[in-house]
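Undergrad: CSV, C-alpha atoms and all ligand atoms, saved as input31.csv, coming up:
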```csv
chain,number,residue,atom,x,y,z
A,2,MET,CA,19.8,66.8,-11.9
A,3,ASN,CA,18.0,68.2,-8.9
A,4,ILE,CA,17.5,65.0,-6.8
A,5,VAL,CA,17.2,65.9,-3.1
A,6,ARG,CA,16.9,62.4,-1.7
A,7,ARG,CA,19.5,60.0,-3.1
A,8,PRO,CA,19.2,56.6,-1.2
A,9,ARG,CA,22.5,55.6,-2.9
A,10,ARG,CA,24.5,57.9,-0.5
A,11,ASN,CA,23.8,55.4,2.3
A,12,ARG,CA,25.3,52.6,0.2
A,13,ASN,CA,28.5,54.4,-0.7
A,14,THR,CA,31.1,52.4,1.1
A,15,ASN,CA,31.3,49.0,2.9
A,16,SER,CA,31.6,50.7,6.3
A,17,ILE,CA,28.6,52.9,5.6
A,18,ARG,CA,26.6,49.8,4.5
A,19,GLU,CA,27.7,48.0,7.6
A,20,MET,CA,26.7,51.0,9.8
A,21,VAL,CA,23.2,51.3,8.3
A,22,ALA,CA,22.4,47.6,8.0
A,23,GLU,CA,19.2,46.9,9.9
A,24,THR,CA,19.6,43.1,10.3
A,25,HIS,CA,22.2,41.1,12.0
A,26,LEU,CA,22.5,37.4,12.7
A,27,SER,CA,24.7,36.1,15.5
A,28,CYS,CA,25.6,32.5,16.2
A,29,SER,CA,23.8,32.8,19.5
A,30,GLN,CA,20.6,32.9,17.4
A,31,LEU,CA,21.3,29.7,15.5
A,32,ILE,CA,20.3,26.1,16.3
A,33,HIS,CA,22.3,23.2,14.8
A,34,PRO,CA,20.4,20.0,14.0
A,35,LEU,CA,22.1,16.8,15.0
A,36,PHE,CA,20.9,13.6,13.3
A,37,ILE,CA,21.9,10.5,15.3
A,38,GLN,CA,21.9,6.8,14.8
A,39,GLU,CA,23.1,3.6,16.7
A,40,GLY,CA,26.7,2.5,16.5
A,41,THR,CA,30.2,3.8,17.0
A,42,LYS,CA,32.4,5.8,14.7
A,43,VAL,CA,29.6,6.0,12.1
A,44,LYS,CA,29.3,9.1,10.0
A,45,THR,CA,26.9,8.8,7.1
A,46,GLU,CA,26.5,11.6,4.6
A,47,ILE,CA,22.8,12.3,3.7
A,48,SER,CA,22.7,11.9,-0.1
A,49,SER,CA,20.1,14.6,-0.6
A,50,MET,CA,21.9,16.9,1.9
A,51,PRO,CA,25.5,17.1,0.7
A,52,ASP,CA,28.1,17.8,3.5
A,53,PHE,CA,25.5,17.1,6.2
A,54,PHE,CA,25.8,13.9,8.2
A,55,ARG,CA,24.1,11.4,10.5
A,56,PHE,CA,26.3,10.4,13.4
A,57,SER,CA,26.6,7.6,16.0
A,58,PRO,CA,26.6,9.1,19.5
A,59,ASP,CA,30.4,9.3,19.9
A,60,LEU,CA,30.8,11.3,16.7
A,61,ALA,CA,27.7,13.4,17.4
A,62,LEU,CA,29.5,14.6,20.5
A,63,LYS,CA,32.5,15.6,18.4
A,64,ASP,CA,30.3,17.5,16.0
A,65,LEU,CA,28.6,19.2,18.9
A,66,GLU,CA,32.0,20.1,20.4
A,67,GLU,CA,33.0,21.6,17.0
A,68,CYS,CA,29.9,23.7,17.0
A,69,LEU,CA,30.6,25.0,20.6
A,70,LYS,CA,34.1,26.1,19.4
A,71,LEU,CA,32.4,28.0,16.6
A,72,GLY,CA,30.1,29.8,19.0
A,73,ILE,CA,26.9,27.7,18.3
A,74,GLN,CA,25.4,26.6,21.6
A,75,ASN,CA,22.0,25.3,20.8
A,76,PHE,CA,21.1,21.9,19.3
A,77,ILE,CA,18.1,20.1,18.1
A,78,LEU,CA,18.2,16.3,18.0
A,79,PHE,CA,16.6,13.8,15.6
A,80,PRO,CA,17.0,10.1,15.7
A,81,GLN,CA,17.2,7.5,12.9
A,82,ILE,CA,15.5,4.3,14.2
A,83,GLU,CA,15.9,0.9,12.7
A,84,GLU,CA,12.7,-0.4,11.0
A,85,LYS,CA,12.6,-3.4,13.3
A,86,PHE,CA,12.2,-1.2,16.4
A,87,LYS,CA,9.2,0.7,15.1
A,88,ASP,CA,5.7,-0.1,16.1
A,89,LYS,CA,2.2,1.5,15.8
A,90,LYS,CA,2.5,3.3,19.2
A,91,ALA,CA,6.1,4.5,18.8
A,92,SER,CA,6.8,2.8,22.1
A,93,LEU,CA,10.6,3.0,21.8
A,94,SER,CA,10.3,6.8,21.9
A,95,TYR,CA,9.7,6.7,25.7
A,96,LYS,CA,11.6,3.5,26.6
A,97,LYS,CA,14.3,4.1,29.2
A,98,ASN,CA,17.8,4.4,27.8
A,99,ASN,CA,16.9,4.4,24.2
A,100,LEU,CA,19.4,6.0,21.7
A,101,TYR,CA,17.8,9.4,21.9
A,102,LEU,CA,17.5,9.6,25.7
A,103,LYS,CA,21.1,8.3,26.2
A,104,MET,CA,22.3,11.0,23.8
A,105,ILE,CA,20.6,13.7,25.7
A,106,GLN,CA,22.2,12.5,29.0
A,107,SER,CA,25.6,12.2,27.5
A,108,ILE,CA,25.5,15.7,26.0
A,109,LYS,CA,24.3,17.1,29.3
A,110,LYS,CA,27.1,15.3,31.1
A,111,ASN,CA,29.9,16.3,28.7
A,112,PHE,CA,28.7,19.8,27.7
A,113,PRO,CA,26.4,21.2,30.3
A,114,GLU,CA,26.5,24.6,28.6
A,115,ALA,CA,24.8,23.2,25.4
A,116,THR,CA,21.1,23.8,25.1
A,117,ILE,CA,19.3,20.7,24.0
A,118,ILE,CA,16.0,21.0,22.1
A,119,THR,CA,14.1,17.8,21.3
A,120,ASP,CA,11.7,16.6,18.8
A,121,VAL,CA,8.3,15.4,20.1
A,122,ALA,CA,6.6,13.4,17.4
A,123,MET,CA,6.0,9.8,16.6
A,124,ASP,CA,7.3,9.6,13.1
A,125,PRO,CA,10.9,8.4,13.6
A,126,TYR,CA,9.5,5.5,15.8
A,127,SER,CA,6.2,4.8,14.1
A,128,SER,CA,5.7,1.8,11.8
A,129,ASP,CA,3.2,4.0,10.0
A,130,GLY,CA,5.7,6.8,9.6
A,131,HIS,CA,3.1,9.3,10.8
A,132,ASP,CA,3.4,11.9,13.6
A,133,GLY,CA,0.3,10.5,15.3
A,134,TYR,CA,-1.4,7.2,16.1
A,135,VAL,CA,-3.0,5.6,13.0
A,136,GLU,CA,-6.2,3.5,12.9
A,137,ASN,CA,-7.9,2.5,9.6
A,138,GLY,CA,-5.8,5.1,7.8
A,139,LYS,CA,-6.8,7.9,10.1
A,140,ILE,CA,-4.4,9.9,12.3
A,141,LEU,CA,-6.2,10.0,15.6
A,142,ASN,CA,-5.6,13.2,17.6
A,143,ASP,CA,-6.7,12.4,21.2
A,144,GLU,CA,-5.2,8.9,21.1
A,145,THR,CA,-1.8,10.5,20.2
A,146,LEU,CA,-1.6,12.9,23.1
A,147,PRO,CA,-0.8,10.4,25.8
A,148,ILE,CA,2.0,9.0,23.7
A,149,LEU,CA,3.4,12.4,23.1
A,150,GLY,CA,3.1,13.1,26.9
A,151,LYS,CA,5.2,10.0,27.7
A,152,MET,CA,7.8,10.9,25.1
A,153,ALA,CA,8.0,14.5,26.4
A,154,LEU,CA,8.3,13.3,30.0
A,155,ALA,CA,11.1,10.9,29.2
A,156,GLN,CA,13.0,13.6,27.4
A,157,ALA,CA,12.6,16.0,30.3
A,158,GLU,CA,13.8,13.3,32.7
A,159,ALA,CA,16.9,12.8,30.5
A,160,GLY,CA,17.8,16.4,30.9
A,161,ALA,CA,16.4,18.2,27.8
A,162,ASP,CA,16.1,22.0,28.2
A,163,ILE,CA,13.4,22.7,25.6
A,164,LEU,CA,10.9,20.2,24.0
A,165,GLY,CA,9.8,20.7,20.4
A,166,PRO,CA,6.4,19.2,19.6
A,167,SER,CA,6.5,18.9,15.8
A,168,ASP,CA,3.4,16.7,15.4
A,169,MET,CA,0.7,19.3,14.8
A,170,MET,CA,-1.9,17.4,16.9
A,171,ASP,CA,-4.5,19.7,18.4
A,172,GLY,CA,-4.1,20.4,22.1
A,173,ARG,CA,-0.6,18.9,22.4
A,174,VAL,CA,1.1,22.0,23.9
A,175,GLY,CA,-1.3,22.2,26.8
A,176,TYR,CA,-1.2,18.4,27.3
A,177,ILE,CA,2.6,18.3,27.4
A,178,ARG,CA,2.8,21.4,29.6
A,179,ASP,CA,0.4,19.7,32.1
A,180,VAL,CA,2.4,16.5,32.1
A,181,LEU,CA,5.7,18.4,32.7
A,182,ASP,CA,4.2,20.6,35.5
A,183,LYS,CA,2.6,17.6,37.3
A,184,ASN,CA,6.0,15.9,37.3
A,185,GLY,CA,8.0,18.9,38.6
A,186,PHE,CA,9.5,20.0,35.3
A,187,THR,CA,8.2,23.5,35.4
A,188,ASP,CA,11.6,24.8,34.1
A,189,VAL,CA,11.5,22.7,30.9
A,190,ALA,CA,10.4,24.9,28.0
A,191,ILE,CA,8.2,24.2,25.0
A,192,MET,CA,9.2,25.3,21.5
A,193,SER,CA,6.1,24.6,19.5
A,194,TYR,CA,6.1,23.9,15.8
A,195,THR,CA,3.1,26.2,15.6
A,196,ALA,CA,2.8,26.9,11.9
A,197,LYS,CA,4.1,23.7,10.3
A,198,TYR,CA,3.0,23.4,6.8
A,199,ALA,CA,2.5,20.2,4.8
A,200,SER,CA,5.6,20.8,2.6
A,201,SER,CA,7.5,19.2,-0.1
A,202,PHE,CA,10.6,20.7,1.3
A,203,TYR,CA,10.9,18.0,4.1
A,204,GLY,CA,11.9,15.4,1.5
A,205,PRO,CA,15.7,15.2,2.3
A,206,PHE,CA,15.0,15.1,6.1
A,207,ARG,CA,12.7,12.1,5.6
A,208,ASP,CA,15.5,10.4,3.5
A,209,ALA,CA,18.0,11.2,6.3
A,210,LEU,CA,15.9,9.5,9.0
A,211,GLY,CA,13.8,7.0,7.0
A,212,SER,CA,10.7,8.6,8.5
A,213,ALA,CA,8.5,9.1,5.5
A,214,PRO,CA,4.8,8.1,5.8
A,215,LYS,CA,4.2,4.5,4.7
A,216,ALA,CA,0.7,5.5,3.4
A,217,GLY,CA,-1.0,8.8,2.7
A,218,ASP,CA,0.4,12.2,3.5
A,219,LYS,CA,0.4,14.6,6.4
A,220,LYS,CA,-2.2,17.0,5.2
A,221,THR,CA,-4.8,16.2,7.9
A,222,TYR,CA,-2.5,17.6,10.5
A,223,GLN,CA,0.1,19.8,8.9
A,224,MET,CA,-1.2,23.1,7.5
A,225,ASP,CA,-2.2,23.9,4.0
A,226,PHE,CA,0.4,26.2,2.3
A,227,ARG,CA,-2.4,28.4,0.9
A,228,ASN,CA,-3.4,29.6,4.3
A,229,ALA,CA,-2.1,32.4,6.5
A,230,LYS,CA,-5.0,33.2,8.9
A,231,GLU,CA,-4.8,29.6,10.3
A,232,ALA,CA,-1.3,30.4,11.5
A,233,ILE,CA,-2.7,33.0,13.8
A,234,LEU,CA,-5.2,30.5,15.1
A,235,GLU,CA,-2.5,27.9,15.7
A,236,ALA,CA,-0.3,30.5,17.4
A,237,GLU,CA,-3.1,31.8,19.7
A,238,LEU,CA,-3.8,28.2,20.8
A,239,ASP,CA,-0.1,27.4,21.4
A,240,PHE,CA,0.5,30.7,23.2
A,241,ASN,CA,-2.5,30.2,25.5
A,242,GLU,CA,-1.5,26.6,26.1
A,243,GLY,CA,1.9,27.8,27.4
A,244,ALA,CA,4.3,27.6,24.5
A,245,ASP,CA,7.5,29.5,25.2
A,246,TYR,CA,8.6,29.8,21.5
A,247,LEU,CA,6.5,29.7,18.3
A,248,MET,CA,8.0,28.1,15.2
A,249,VAL,CA,7.3,28.6,11.5
A,250,LYS,CA,8.3,25.8,9.2
A,251,PRO,CA,9.6,25.9,6.4
A,252,ALA,CA,11.1,29.3,6.4
A,253,LEU,CA,11.8,30.7,3.0
A,254,THR,CA,8.4,30.2,1.4
A,255,TYR,CA,6.7,31.4,4.6
A,256,LEU,CA,8.4,34.7,5.3
A,257,ASP,CA,4.9,36.4,5.5
A,258,ILE,CA,3.9,34.0,8.3
A,259,ILE,CA,7.1,34.7,10.2
A,260,GLN,CA,6.4,38.4,10.0
A,261,SER,CA,2.8,38.0,11.1
A,262,LEU,CA,3.7,35.9,14.2
A,263,LYS,CA,6.5,38.3,15.1
A,264,GLN,CA,4.1,41.2,15.0
A,265,ASN,CA,1.3,39.5,17.0
A,266,PHE,CA,3.0,37.5,19.7
A,267,PRO,CA,5.4,38.6,22.5
A,268,ILE,CA,7.5,35.5,22.6
A,269,PRO,CA,10.5,34.4,20.5
A,270,ILE,CA,9.7,33.4,16.9
A,271,VAL,CA,11.8,30.5,15.5
A,272,ALA,CA,12.1,29.7,11.8
A,273,TYR,CA,13.1,26.3,10.6
A,274,ASN,CA,15.2,26.6,7.4
A,275,VAL,CA,14.4,23.1,6.4
A,276,SER,CA,16.2,20.3,4.6
A,277,GLY,CA,14.8,21.0,1.1
A,278,GLU,CA,15.9,24.7,1.4
A,279,TYR,CA,19.4,23.5,2.2
A,280,ALA,CA,19.3,21.0,-0.6
A,281,MET,CA,18.3,23.6,-3.2
A,282,ILE,CA,21.2,25.9,-2.5
A,283,LYS,CA,23.6,22.9,-2.3
A,284,ALA,CA,22.4,21.4,-5.6
A,285,ALA,CA,22.5,24.7,-7.5
A,286,SER,CA,26.0,25.6,-6.2
A,287,LYS,CA,27.3,22.1,-7.1
A,288,LEU,CA,26.1,22.7,-10.6
A,289,GLY,CA,27.9,26.1,-10.5
A,290,TRP,CA,24.6,28.0,-10.8
A,291,LEU,CA,24.8,29.8,-7.5
A,292,ASP,CA,27.4,31.0,-5.1
A,293,GLU,CA,26.7,28.8,-2.1
A,294,THR,CA,28.0,31.1,0.6
A,295,LYS,CA,26.3,34.2,-0.7
A,296,ALA,CA,23.0,32.4,-1.3
A,297,MET,CA,23.2,31.0,2.3
A,298,VAL,CA,23.9,34.4,3.9
A,299,GLU,CA,21.1,36.1,1.9
A,300,SER,CA,18.6,33.4,2.8
A,301,LEU,CA,19.5,33.4,6.5
A,302,LEU,CA,19.4,37.2,6.8
A,303,SER,CA,16.1,37.3,4.9
A,304,ILE,CA,14.6,35.0,7.4
A,305,LYS,CA,15.9,37.2,10.2
A,306,ARG,CA,14.7,40.4,8.5
A,307,ALA,CA,11.2,38.9,8.2
A,308,GLY,CA,11.1,38.6,11.9
A,309,ALA,CA,12.7,35.4,13.1
A,310,ASP,CA,14.5,35.7,16.4
A,311,ILE,CA,16.0,32.3,16.1
A,312,ILE,CA,16.9,30.1,13.1
A,313,ILE,CA,17.2,26.3,12.9
A,314,THR,CA,19.5,25.6,10.0
A,315,TYR,CA,21.7,23.0,8.4
A,316,PHE,CA,24.0,25.9,7.5
A,317,ALA,CA,24.7,26.9,11.1
A,318,LYS,CA,28.4,25.7,11.0
A,319,ASN,CA,29.0,27.2,7.6
A,320,TYR,CA,27.6,30.5,8.7
A,321,ALA,CA,29.6,30.5,12.0
A,322,LYS,CA,32.8,29.9,10.1
A,323,LEU,CA,32.3,33.2,8.2
A,324,LYS,CA,32.7,35.0,11.5
A,325,LEU,CA,30.5,37.9,10.3
A,326,VAL,CA,29.5,39.0,13.7
B,1,LIG,C1,8.7,15.3,11.8
B,1,LIG,C2,9.7,16.4,11.4
B,1,LIG,C3,9.9,16.7,10.1
B,1,LIG,C4,10.9,17.7,10.1
B,1,LIG,C5,11.2,18.0,11.4
B,1,LIG,N1,10.4,17.1,12.2
B,1,LIG,C6,9.4,16.1,8.8
B,1,LIG,C7,8.0,15.9,8.6
B,1,LIG,O1,7.1,16.5,9.2
B,1,LIG,O2,7.7,15.0,7.8
B,1,LIG,C8,11.5,18.3,8.8
B,1,LIG,C9,12.8,19.0,9.0
B,1,LIG,C10,13.4,19.3,7.7
B,1,LIG,O3,13.0,19.0,6.6
B,1,LIG,O4,14.6,19.8,7.8
B,1,LIG,N2,8.1,15.4,13.0
```
Represent the structure from my file as structure tokens, please.
Ligand code: PBG
TA:
Amino acid sequence: MNIVRRPRRNRNTNSIREMVAETHLSCSQLIHPLFIQEGTKVKTEISSMPDFFRFSPDLALKDLEECLKLGIQNFILFPQIEEKFKDKKASLSYKKNNLYLKMIQSIKKNFPEATIITDVAMDPYSSDGHDGYVENGKILNDETLPILGKMALAQAEAGADILGPSDMMDGRVGYIRDVLDKNGFTDVAIMSYTAKYASSFYGPFRDALGSAPKAGDKKTYQMDFRNAKEAILEAELDFNEGADYLMVKPALTYLDIIQSLKQNFPIPIVAYNVSGEYAMIKAASKLGWLDETKAMVESLLSIKRAGADIIITYFAKNYAKLKLV
């Protein structure tokens, strides 16, 4: 056969494939989520997230230390709050010395080299289970911003490096930036959940933290999965309001959105490989239907190939253990 161009030549051996590979993912680009709860020596496996745990602060520090040894240095924290401490205004979220703020302080004290990324949203603390303030079944935008501002300030005071508003209220990045700057926290960065879709893939996370909405859904603030242009609008707003990172969430069903933000905005793009995406691979591999490690590596590298600079994933430790790069 006279075939001049044979793409298979560049796939001939493992070393050639390694040499021509376009996409690499290093542990420095991964963020490990830490789910925390009150208590000591508590380690609870999340039933819908096999091999992933919620820890009391002492064991969360151990988990973090294990990550550091594996080369993972960036962490995003989420709290589970007992129902009796929740109220309509999520007031525990900014109360001095709450579980979350104490955790930030103790990580910073014990492991100053670790980057701490927070979650700024009302849902773990809200008796309504919504990310914003609810009145007569409506999630009120402008009434939510001062609450988010107080939460953000408390997290910055506790020593957080990067704040992650995940609430999808309009104007929150600018509002939080202003609060931080007025209080001297000009160095604290904002990783905005910019294109956060109303997704069924958050189910296991809500199980893990008991943070599901008590009534209704999140469709008036999280985005409609049928829309792509809206992601550009959200990104323009967040960029202009001072976001330092733009996040797309979930990741695997939104690779087009990741690519479009990567092409249009000159700041790091983060993808959140969410709980449901983790659960799917875990479930299929438990049934013997998929090779867990191969499916994980393929998913993470695809997210990277689409344009994510940074990936938040429950697989961070598993990936690091492979020592691929
Ligand atoms: C809430 C929040 C959610 C996640 C991160 N922050 C859930 C939601 O919006 O209901 C989901 C993460 C995951 O599923 O892994 N502010």
Undergrad: If I take atom CA of A:Ser193 and atom CA of A:Leu238, how far is one from the other in Å, to one decimal?
TA: 10.6 Å
Undergrad: Would you list the residues that come within 6 Å of ligand LIG 1 (chain B)? Count all atoms listed in the file and give the answer as a PyMOL selection string.
TA: chain A and resi 122+124+132+167-168+203+206+275-276
Undergrad: Which is closer to A:Pro269 than all the others in A:Gly308, A:Gly150, A:Pro125, A:Pro34, using all atoms listed in the file?
TA: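 So, comparing all the options, the nearest one is A:Gly308.
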Undergrad: Please produce, as JSON lines, a per-residue contact table for stretch 198-270 of chain A versus stretch 58-82 of chain A (criterion: any atom at most 9 Å away, only C-alpha atoms considered), showing the nearest atom pair and its distance in Å to one decimal, sorted by chain then residue number.
TA:
```
{"residue": "A:Ala209", "atom": "CA", "partner": "A:Gln81", "partner_atom": "CA", "distance": 7.6}
{"residue": "A:Leu210", "atom": "CA", "partner": "A:Gln81", "partner_atom": "CA", "distance": 4.6}
{"residue": "A:Gly211", "atom": "CA", "partner": "A:Gln81", "partner_atom": "CA", "distance": 6.8}
{"residue": "A:Ser212", "atom": "CA", "partner": "A:Gln81", "partner_atom": "CA", "distance": 7.9}
```
Undergrad: Which one of A:Ala280, A:Val5, A:Ala157, A:Met152 sits closest to A:Ile105 if you count all atoms listed in the file?
TA: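 The shortest atom-to-atom distance to A:Ile105 comes from A:Ala157.
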Undergrad: Please, what distance in Å, to one decimal, runs between atom CA of A:Ala272 and atom CA of A:Ser300?
TA: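 Pair atom CA of A:Ala272 / atom CA of A:Ser300 returns 11.7 Å.
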Undergrad: Just the number, please: distance in Å from atom CA of A:Arg12 to atom CA of A:Ala285, one decimal.
TA: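 About the pair atom CA of A:Arg12 and atom CA of A:Ala285: they are 29.1 Å apart.
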Undergrad: Using all atoms listed in the file, can you tell me which of A:Glu235, A:Glu242, A:Asp257, A:Glu23 comes closest to A:Ile177?
TA: A:Glu242
Undergrad: Let me have the centre and edge lengths of the axis-aligned box enclosing all listed atoms of stretch 222-230 of chain A with 6 Å padding on every side, in Å to one decimal, as JSON.
TA:
```
{"center_x": -2.3, "center_y": 25.4, "center_z": 5.7, "size_x": 17.4, "size_y": 27.6, "size_z": 21.6}
```
Undergrad: Which residues come within 9 Å of A:Leu154, counting only C-alpha atoms, excluding same-chain residues fewer than 2 positions away, as a list in words?
TA: Tyr95, Leu149, Gly150, Lys151, Met152, Gln156, Ala157, Glu158, Ala159, Ile177, Val180, Leu181, Asn184 and Phe186 of chain A
Undergrad: Would you kindly return, as a VMD selection string, each protein, DNA or RNA residue with an atom no farther than 12 Å from any atom of A:Lys263, considering only C-alpha atoms and excluding same-chain residues fewer than 3 positions away?
TA: chain A and resid 232 to 233 236 246 to 249 256 to 260 266 to 272 304 to 311
Undergrad: Selected residues, C-alpha atoms, written as a JSON list (two decimals), in the coordinates of the input, please.
TA:
```json
[["chain", "number", "residue", "atom", "x", "y", "z"],
["A", 232, "ALA", "CA", -1.30, 30.40, 11.50],
["A", 233, "ILE", "CA", -2.70, 33.00, 13.80],
["A", 236, "ALA", "CA", -0.30, 30.50, 17.40],
["A", 246, "TYR", "CA", 8.60, 29.80, 21.50],
["A", 247, "LEU", "CA", 6.50, 29.70, 18.30],
["A", 248, "MET", "CA", 8.00, 28.10, 15.20],
["A", 249, "VAL", "CA", 7.30, 28.60, 11.50],
["A", 256, "LEU", "CA", 8.40, 34.70, 5.30],
["A", 257, "ASP", "CA", 4.90, 36.40, 5.50],
["A", 258, "ILE", "CA", 3.90, 34.00, 8.30],
["A", 259, "ILE", "CA", 7.10, 34.70, 10.20],
["A", 260, "GLN", "CA", 6.40, 38.40, 10.00],
["A", 266, "PHE", "CA", 3.00, 37.50, 19.70],
["A", 267, "PRO", "CA", 5.40, 38.60, 22.50],
["A", 268, "ILE", "CA", 7.50, 35.50, 22.60],
["A", 269, "PRO", "CA", 10.50, 34.40, 20.50],
["A", 270, "ILE", "CA", 9.70, 33.40, 16.90],
["A", 271, "VAL", "CA", 11.80, 30.50, 15.50],
["A", 272, "ALA", "CA", 12.10, 29.70, 11.80],
["A", 304, "ILE", "CA", 14.60, 35.00, 7.40],
["A", 305, "LYS", "CA", 15.90, 37.20, 10.20],
["A", 306, "ARG", "CA", 14.70, 40.40, 8.50],
["A", 307, "ALA", "CA", 11.20, 38.90, 8.20],
["A", 308, "GLY", "CA", 11.10, 38.60, 11.90],
["A", 309, "ALA", "CA", 12.70, 35.40, 13.10],
["A", 310, "ASP", "CA", 14.50, 35.70, 16.40],
["A", 311, "ILE", "CA", 16.00, 32.30, 16.10]]
```
Undergrad: Extract, using all atoms listed in the file, all DNA, RNA and protein residues at most 8 Å from A:Gly165, discarding same-chain residues fewer than 2 positions from it, and format them as a PyMOL selection string.
TA: chain A and resi 118-121+163+167+191-194
Undergrad: Could you tell me which of A:Pro205, A:Gly130, A:Gly172, A:Gly277 comes closest to A:Asn241 if we count only C-alpha atoms?
TA: A:Gly172
Undergrad: Nearest residue to A:Lys318 out of A:Thr195, A:Thr294, A:Ser107, A:Gln223, using all atoms listed in the file?
TA: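 The closest residue to A:Lys318 is A:Thr294.
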Undergrad: Which one of A:Tyr222, A:Tyr279, A:Tyr273, A:Tyr101 sits closest to A:Asn319 if you count all atoms listed in the file?
TA: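 Looking only at the distances to A:Asn319, the closest residue turns out to be A:Tyr279.
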Undergrad: Could you give me, as a list in words, the residues that have an atom at most 8 Å away from the point (4.0, 19.3, 6.4) in the coordinates of the file, using all atoms listed in the file?
TA: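 Checked against the point, the hits come out as Lys197, Tyr198, Ala199, Ser200, Ser201, Tyr203, Lys219, Lys220, Tyr222, Gln223 and Met224 of chain A.
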